[in-house]
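Asks: Provided below: run26.cif, containing mmCIF, C-alpha atoms.
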```cif
data_upload
#
loop_
_atom_site.label_atom_id
_atom_site.label_comp_id
_atom_site.auth_asym_id
_atom_site.auth_seq_id
_atom_site.Cartn_x
_atom_site.Cartn_y
_atom_site.Cartn_z
CA MET A 1 5.14 -44.23 -202.95
CA SER A 2 8.17 -43.42 -205.09
CA SER A 3 10.36 -46.10 -206.58
CA THR A 4 14.05 -46.39 -205.75
CA ALA A 5 14.84 -45.15 -209.27
CA ASP A 6 12.69 -42.04 -208.72
CA LEU A 7 14.33 -41.35 -205.38
CA THR A 8 17.81 -41.89 -206.83
CA GLU A 9 16.98 -39.46 -209.63
CA GLY A 10 15.74 -36.96 -207.04
CA VAL A 11 19.03 -37.14 -205.14
CA LEU A 12 21.09 -36.75 -208.33
CA VAL A 13 19.00 -33.78 -209.47
CA ALA A 14 19.40 -32.13 -206.05
CA LEU A 15 23.19 -32.67 -206.18
CA ARG A 16 23.31 -31.20 -209.67
CA ARG A 17 21.32 -28.17 -208.51
CA ILE A 18 23.81 -27.61 -205.68
CA ILE A 19 26.76 -27.82 -208.05
CA ARG A 20 25.00 -25.53 -210.53
CA ALA A 21 24.21 -22.95 -207.83
CA SER A 22 27.87 -22.88 -206.83
CA ASP A 23 29.00 -22.49 -210.45
CA LEU A 24 26.45 -19.73 -211.15
CA ARG A 25 27.49 -17.79 -208.05
CA SER A 26 31.15 -18.13 -209.05
CA ARG A 27 30.37 -16.74 -212.50
CA GLN A 28 28.33 -13.88 -211.02
CA LEU A 29 31.21 -13.03 -208.71
CA ALA A 30 33.71 -13.12 -211.58
CA LYS A 31 31.49 -10.87 -213.69
CA GLN A 32 31.00 -8.32 -210.89
CA THR A 33 34.52 -8.26 -209.47
CA GLY A 34 36.83 -10.06 -211.88
CA LEU A 35 37.77 -12.43 -209.06
CA THR A 36 37.29 -16.11 -208.38
CA THR A 37 35.62 -17.16 -205.15
CA ALA A 38 38.95 -18.31 -203.72
CA GLN A 39 40.55 -14.96 -204.60
CA LEU A 40 37.73 -13.07 -202.88
CA ILE A 41 38.04 -15.29 -199.80
CA VAL A 42 41.76 -14.52 -199.60
CA LEU A 43 41.15 -10.78 -200.11
CA ARG A 44 38.56 -10.80 -197.31
CA ALA A 45 40.98 -12.61 -195.01
CA ILE A 46 43.67 -10.00 -195.68
CA ALA A 47 41.15 -7.22 -194.98
CA ARG A 48 40.11 -8.91 -191.73
CA LEU A 49 43.61 -9.73 -190.51
CA GLY A 50 45.52 -6.66 -191.70
CA GLU A 51 49.10 -6.94 -192.88
CA VAL A 52 49.80 -10.67 -192.74
CA THR A 53 51.99 -13.51 -193.94
CA THR A 54 51.00 -16.23 -196.38
CA ARG A 55 50.99 -18.81 -193.61
CA THR A 56 48.57 -16.78 -191.49
CA ILE A 57 46.22 -16.35 -194.45
CA SER A 58 46.52 -20.04 -195.27
CA LEU A 59 45.45 -21.02 -191.76
CA GLU A 60 42.62 -18.48 -191.77
CA VAL A 61 41.04 -19.69 -195.02
CA SER A 62 41.84 -23.43 -194.74
CA LEU A 63 43.85 -23.53 -197.97
CA SER A 64 47.40 -24.78 -198.41
CA PRO A 65 50.20 -22.20 -198.40
CA ALA A 66 51.01 -23.18 -202.01
CA THR A 67 47.40 -22.49 -203.08
CA VAL A 68 47.35 -19.18 -201.20
CA THR A 69 50.67 -18.18 -202.78
CA THR A 70 49.29 -18.85 -206.28
CA ILE A 71 46.15 -16.85 -205.49
CA MET A 72 48.19 -14.00 -204.04
CA ASP A 73 50.49 -13.97 -207.10
CA ARG A 74 47.43 -13.33 -209.28
CA LEU A 75 46.01 -10.74 -206.88
CA SER A 76 49.33 -8.93 -206.78
CA GLU A 77 49.74 -8.97 -210.59
CA ARG A 78 46.29 -7.37 -210.90
CA GLY A 79 46.92 -4.73 -208.24
CA PHE A 80 44.54 -5.96 -205.51
CA ILE A 81 47.30 -6.56 -202.96
CA GLU A 82 50.90 -5.61 -202.41
CA ARG A 83 53.67 -7.59 -200.78
CA TYR A 84 56.69 -6.27 -198.95
CA ARG A 85 59.51 -7.63 -196.82
CA SER A 86 59.44 -7.15 -193.07
CA ALA A 87 61.69 -4.37 -191.81
CA THR A 88 62.80 -6.56 -188.88
CA ASP A 89 63.22 -9.91 -190.69
CA ARG A 90 63.90 -9.76 -194.43
CA ARG A 91 62.89 -13.43 -194.80
CA VAL A 92 59.29 -12.58 -193.87
CA VAL A 93 56.97 -11.25 -196.57
CA HIS A 94 53.83 -9.39 -195.53
CA THR A 95 50.75 -8.73 -197.63
CA ARG A 96 48.27 -5.86 -197.49
CA LEU A 97 45.33 -4.67 -199.56
CA THR A 98 45.69 -1.87 -202.06
CA ARG A 99 43.08 0.81 -202.68
CA LYS A 100 41.84 -1.29 -205.61
CA GLY A 101 41.52 -4.34 -203.33
CA ARG A 102 39.50 -2.40 -200.75
CA GLY A 103 37.25 -0.94 -203.44
CA THR A 104 36.59 -4.38 -204.86
CA LEU A 105 35.63 -5.73 -201.44
CA ASP A 106 33.21 -2.84 -201.01
CA VAL A 107 31.21 -3.90 -204.08
CA ALA A 108 31.64 -7.70 -203.89
CA PRO A 109 28.44 -9.72 -203.41
CA ALA A 110 27.92 -12.15 -200.55
CA LEU A 111 29.47 -15.56 -201.04
CA LEU A 112 27.24 -18.60 -201.41
CA GLN A 113 28.53 -20.12 -198.18
CA GLU A 114 27.69 -16.92 -196.27
CA GLU A 115 24.06 -17.11 -197.34
CA PHE A 116 24.00 -20.85 -196.70
CA THR A 117 25.48 -20.38 -193.23
CA GLN A 118 22.73 -17.91 -192.33
CA ARG A 119 19.93 -20.16 -193.60
CA PHE A 120 21.45 -23.28 -192.04
CA GLY A 121 21.74 -21.46 -188.71
CA ASP A 122 18.04 -20.65 -188.85
CA LEU A 123 17.13 -24.35 -188.92
CA PRO A 124 16.35 -26.22 -185.70
CA ARG A 125 19.38 -28.08 -184.32
CA ALA A 126 17.79 -31.48 -185.04
CA GLU A 127 17.34 -30.54 -188.72
CA GLN A 128 20.96 -29.38 -188.88
CA HIS A 129 22.14 -32.75 -187.57
CA LYS A 130 19.92 -34.63 -190.05
CA LEU A 131 21.32 -32.64 -192.97
CA VAL A 132 24.93 -33.16 -191.94
CA SER A 133 24.34 -36.88 -191.47
CA ALA A 134 22.54 -37.26 -194.81
CA LEU A 135 25.18 -35.29 -196.71
CA ASP A 136 28.00 -37.25 -195.07
CA GLN A 137 26.28 -40.45 -196.18
CA VAL A 138 25.92 -39.13 -199.75
CA ALA A 139 29.62 -38.18 -199.76
CA ARG A 140 30.57 -41.70 -198.65
CA MET A 141 28.31 -43.22 -201.35
CA MET A 142 30.17 -41.13 -203.93
CA ASP A 143 33.55 -42.34 -202.61
CA ALA A 144 34.20 -38.84 -201.29
CA GLY A 145 33.82 -39.61 -197.58
CA GLU A 146 37.54 -39.37 -196.88
CA LEU A 147 38.40 -36.40 -199.09
CA ASP A 148 39.85 -33.55 -197.07
CA CYS A 149 38.07 -30.36 -198.12
CA ALA A 150 37.94 -26.80 -196.87
CA PRO A 151 34.49 -25.51 -195.91
CA LEU A 152 34.44 -23.22 -198.96
CA LEU A 153 32.03 -23.35 -201.88
CA THR A 154 34.39 -22.31 -204.64
CA GLY A 155 32.62 -23.44 -207.77
CA THR A 156 34.90 -24.97 -210.38
CA GLU A 157 38.15 -23.54 -209.00
CA SER A 158 40.86 -25.66 -207.51
CA ALA A 159 41.28 -25.04 -203.82
CA ALA A 160 43.45 -27.53 -201.98
CA PRO A 161 42.92 -27.80 -198.25
CA ALA A 162 45.58 -26.72 -195.81
CA ARG A 163 47.86 -29.40 -194.45
CA SER A 164 49.40 -29.18 -191.03
CA GLY A 165 53.13 -28.61 -190.84
CA GLU A 166 53.43 -26.58 -194.06
CA ASP A 167 55.03 -23.13 -194.08
#
```
Represent the structure from my file as structure tokens, please.
Replies:
Amino acid sequence: MSSTADLTEGVLVALRRIIRASDLRSRQLAKQTGLTTAQLIVLRAIARLGEVTTRTISLEVSLSPATVTTIMDRLSERGFIERYRSATDRRVVHTRLTRKGRGTLDVAPALLQEEFTQRFGDLPRAEQHKLVSALDQVARMMDAGELDCAPLLTGTESAAPARSGED
């Protein structure tokens, strides 16, 4: 039987492996596409939704409008997206992918959460519940039980969650 110290070390090693996997995938993505995970998530949302506003993208990807605006500023500067004012309401700014943005999406690898979602979905429902419960308990033990986070594995990037009521 393992000691508490051995079990504690096992949990900490597993957590470190999860963090490391997320960081490695983020680096791989950056090397292949020149994008961060959060930037790729926003690009994919724009591709899925078509010509959209910042608020719509923000709601789609569970990031704050301010975070999405910062990401879109960088994407625009690098030619992945373009922004333009609505013909009917000049206050509204729409965003769409450029040819470069579409080409980048065509070669971008799967995100870590996409692979995780597939594998998690393959588990029996009882195992899924056990994992969620155990991870929630670990989060509480790390004083992270009340942190509001988007369901995105973004590596070391900053990605603030969306807050209701923001434009």
Asks: Closest to Asp73 in chain A among A:Leu24, A:Leu49, A:Leu112, A:Val42, using all atoms listed in the file?
Replies: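 Comparing A:Leu24, A:Leu49, A:Leu112, A:Val42 against Asp73 in chain A, the winner is A:Val42.
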Asks: Tell me which of A:Arg83, A:Phe120, A:Leu40, A:Ser3 sits closest to Val132 in chain A, counting all atoms listed in the file.
Replies: A:Phe120
Asks: So that I can see what lies close to Thr95 in chain A, please list as a short mmCIF file (atom, residue, chain, number, x, y, z; two decimals) with C-alpha atoms, in the coordinates of the input the residues with an atom at most 9 Å from it, counting all atoms listed in the file and leaving out residues fewer than 2 positions away in the same chain.
Replies:
```cif
data_model
loop_
_atom_site.label_atom_id
_atom_site.label_comp_id
_atom_site.auth_asym_id
_atom_site.auth_seq_id
_atom_site.Cartn_x
_atom_site.Cartn_y
_atom_site.Cartn_z
CA ILE A 46 43.67 -10.00 -195.68
CA GLY A 50 45.52 -6.66 -191.70
CA GLU A 51 49.10 -6.94 -192.88
CA VAL A 52 49.80 -10.67 -192.74
CA THR A 53 51.99 -13.51 -193.94
CA THR A 54 51.00 -16.23 -196.38
CA MET A 72 48.19 -14.00 -204.04
CA ILE A 81 47.30 -6.56 -202.96
CA GLU A 82 50.90 -5.61 -202.41
CA ARG A 83 53.67 -7.59 -200.78
CA TYR A 84 56.69 -6.27 -198.95
CA ARG A 85 59.51 -7.63 -196.82
CA VAL A 93 56.97 -11.25 -196.57
CA LEU A 97 45.33 -4.67 -199.56
#
```
Asks: Spell out the residues picked by the PyMOL selection byres ((chain A and resi 100-106) around 8) here, as a ChimeraX atom specification.
Replies: /A:33,40,43-44,47,79-81,97-99,107-108
Asks: Go through A:Ser58, A:Leu123, A:His129, A:Pro109 and flag the residue nearest Thr37 in chain A, using all atoms listed in the file for the distances.
Replies: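 Closest to Thr37 in chain A, using all atoms listed in the file: A:Pro109.
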Asks: When the PyMOL selection byres ((chain A and resi 26) around 7) is applied to the structure above, which residues does it catch, written out as a PyMOL selection string?
Replies: chain A and resi 22-25+27-30+36-37+154-155
Asks: Smallest atom-to-atom distance to Leu111 in chain A: which of A:Leu7, A:Leu63, A:Ile18, A:Ala38, using only C-alpha atoms?
Replies: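 When distances to Leu111 in chain A are compared using only C-alpha atoms, the smallest one comes from A:Ala38.
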